[in-house]
Amino acid sequence: MVTSNALASMATDGIRTGRSAHRSALEAGRGPSAGASLAAADADVDMAGDRIVARDVHVRYGDKVALRGTSLRMRANTCTALIGPSGCGKSTFLRCLNRMNDTIDDAHVTGEIFLDGENIYASDVDPVAVRRRVGMVFQRSNPFPKSIFENVAYGPRRLGTPKRELGELVEQSLRSGGLWEEVKDRLDESALGLSGGQQQRLCIARALAVDPDVLLMDEPASALDPIATAKLEELIGELRARVTIIIVTHNMQQAVRVAQHTAFFYMGDLVEAGTTDAIFNSPKEPKTADYVSGRFG
């Protein structure tokens with residue numbers, strides 16, 4: 001039996017019917033891919049090529065301010081790294097992108113976040129519809145206490161994918177998650193028997209099985225060994241052709257390796273955003289330069 005906690009985490013994996021899913025108005029279109037540099041968003045920004053645009057996002061938990069006036073563009077089919085010291089607001093911002101903060105009683109979010117041009121915080125938007133398009137992979141892998149096959153098939157099965165299509169969908173998702181060759185002969189075995197790195201890639205495959213447009217990753221390699229981390233980073237590079245990836249990481253070298261764009265957060269503020277090369281080699285803000293050079297954090 002899948003626990004209530006597992007069901008909640010599955011929801012944030014972005015459950016959506018497979019590639020034959022019917023989209024609501026919010027779910028219409030993926031938008032073009034883009035290679036332009038990341039920049040602060042404002043009211044006049046041209047949204048062509050942007051997968052997500054955040055405008056003046058504020059977040060507080062009760063009386064505690066976690067994020068102040070964040071505006072940011074995230075380009076389609078790229079990887080954006082969110083960096084900064086612990087408690088700076090980057091994970092809070094990440095959770096805004098699929099309305100996970102809605103599940104926290106004292107969280108209050110204001111501002112606008114557009115997904116392919118549609119404001120996901122509009123009053124008539126269902127948060128579940130958002131999470132079906134914006135999946136999430138957590139810091140700690142969270143496979144269900146089920147077989148490898150059933151972990152991947154779980155979302156599509158619940159959403160009505162015909163049984164005859166599940167086998168091909170599971171294989172395709174495991175291949176996309178970089179795990180198929182390692183588990184193809186043990187699909188009926190418990191997912192809990194996989195190594196930590198394999199479990200994390202299984203969670204990625206589980207999210208991909210419902211065909212999201214965006215994949216959020218909250219420090220996905222923090223608990224992995226160097227070999228598993230290298231496999232995960234290679235996978236991120238491959239997945240960019242299919243999904244837009246936004247990753248929170250404390251590892252500066254990892255940000256350089258996997259991300260085309262980087263945003264630096266500090267004490268609830270977005271300090272600077274730009275191409276990864278610019279942020280690490282020619283930052284405009286002294287605080288950014290101090291952080292990426294290791295002077296603090």
# chains A, B, ... in the order shown; residues from 1 in each chain; ligands from 1
>>> select_by_dssp(residues="range 75-276 of chain A", states="alpha helix (DSSP H)", output="NGL selection string")
:A and (90-96 or 127-133 or 148-158 or 163-176 or 180-183 or 196-208 or 226-239 or 252-258 or 276)
>>> closest_atom_pairs(of="range 78-154 of chain A", to="range 217-234 of chain A", cutoff="10 Å", atoms="only C-alpha atoms", output="tab-separated table")
residue	atom	partner	partner_atom	distance
A:Ala81	CA	A:Met217	CA	9.5
A:Leu82	CA	A:Asp218	CA	9.4
A:Lys90	CA	A:Asp218	CA	9.2
A:Ser91	CA	A:Asp218	CA	6.8
A:Leu94	CA	A:Asp218	CA	7.7
A:Arg95	CA	A:Asp218	CA	9.1
A:Gly135	CA	A:Met217	CA	8.7
A:Met136	CA	A:Met217	CA	5.8
A:Val137	CA	A:Met217	CA	4.8
A:Phe138	CA	A:Asp218	CA	5.2
A:Gln139	CA	A:Pro220	CA	4.5
A:Arg140	CA	A:Ala223	CA	6.9
A:Ser141	CA	A:Pro220	CA	8.0
>>> closest_atom_pairs(of="range 199-260 of chain A", to="range 101-121 of chain A", cutoff="12 Å", atoms="only C-alpha atoms", output="tab-separated table")
residue	atom	partner	partner_atom	distance
A:Asp213	CA	A:Leu115	CA	9.5
A:Val214	CA	A:Leu115	CA	9.3
A:Thr244	CA	A:Leu115	CA	11.2
>>> write_last_selection(atoms="N, CA and C atoms", output="compact mmCIF listing (two decimals), in the first residue's frame")
# COMPACT_ATOMS: atom_id res chain seq x y z
N ASP A 213 6.66 19.22 -18.45
CA ASP A 213 7.36 20.22 -19.24
C ASP A 213 8.57 20.78 -18.48
N VAL A 214 8.47 20.75 -17.15
CA VAL A 214 9.51 21.30 -16.29
C VAL A 214 9.84 20.28 -15.21
N THR A 244 12.55 21.45 -19.37
CA THR A 244 13.27 22.56 -18.76
C THR A 244 13.61 22.16 -17.33
>>> atom_distance(atom1="CA of His261 in chain A", atom2="CA of Ala278 in chain A")
8.8 Å
>>> residues_around(residues="Glu272 in chain A", least_positions_apart="4", cutoff="8 Å", atoms="only C-alpha atoms", output="PyMOL selection string")
chain A and resi 263-265+279+283-285+288
>>> closest_residue(among="A:Ala122, A:Val243, A:Ala209, A:Val271", to="Cys88 in chain A", atoms="only C-alpha atoms")
A:Val271
>>> residues_around(residues="Met74 in chain A", least_positions_apart="6", cutoff="7 Å", atoms="only C-alpha atoms", output="MDAnalysis selection string")
chainID A and resid 38 50:53 80
>>> select_by_dssp(residues="range 12-242 of chain A", states="strand (DSSP E)", output="PyMOL selection string")
chain A and resi 50-61+64-75+79-83+107-115+118-119+134-137+214-218
>>> atom_distance(atom1="CA of His250 in chain A", atom2="CA of Gly84 in chain A")
6.8 Å
>>> closest_residue(among="A:Gly193, A:Gly274, A:Pro145, A:Gly237", to="Cys79 in chain A", atoms="only C-alpha atoms")
A:Gly237
>>> closest_residue(among="A:Glu165, A:Phe144, A:Met267, A:Ile245", to="Arg206 in chain A", atoms="only C-alpha atoms")
A:Phe144
>>> closest_residue(among="A:Val125, A:Ala153, A:Ala76, A:Val292", to="Ile246 in chain A", atoms="only C-alpha atoms")
A:Ala76
>>> closest_residue(among="A:Thr276, A:Ser173, A:Ser147, A:Thr249", to="Leu187 in chain A", atoms="only C-alpha atoms")
A:Ser147
>>> atom_distance(atom1="CA of Gln260 in chain A", atom2="CA of Val170 in chain A")
29.5 Å
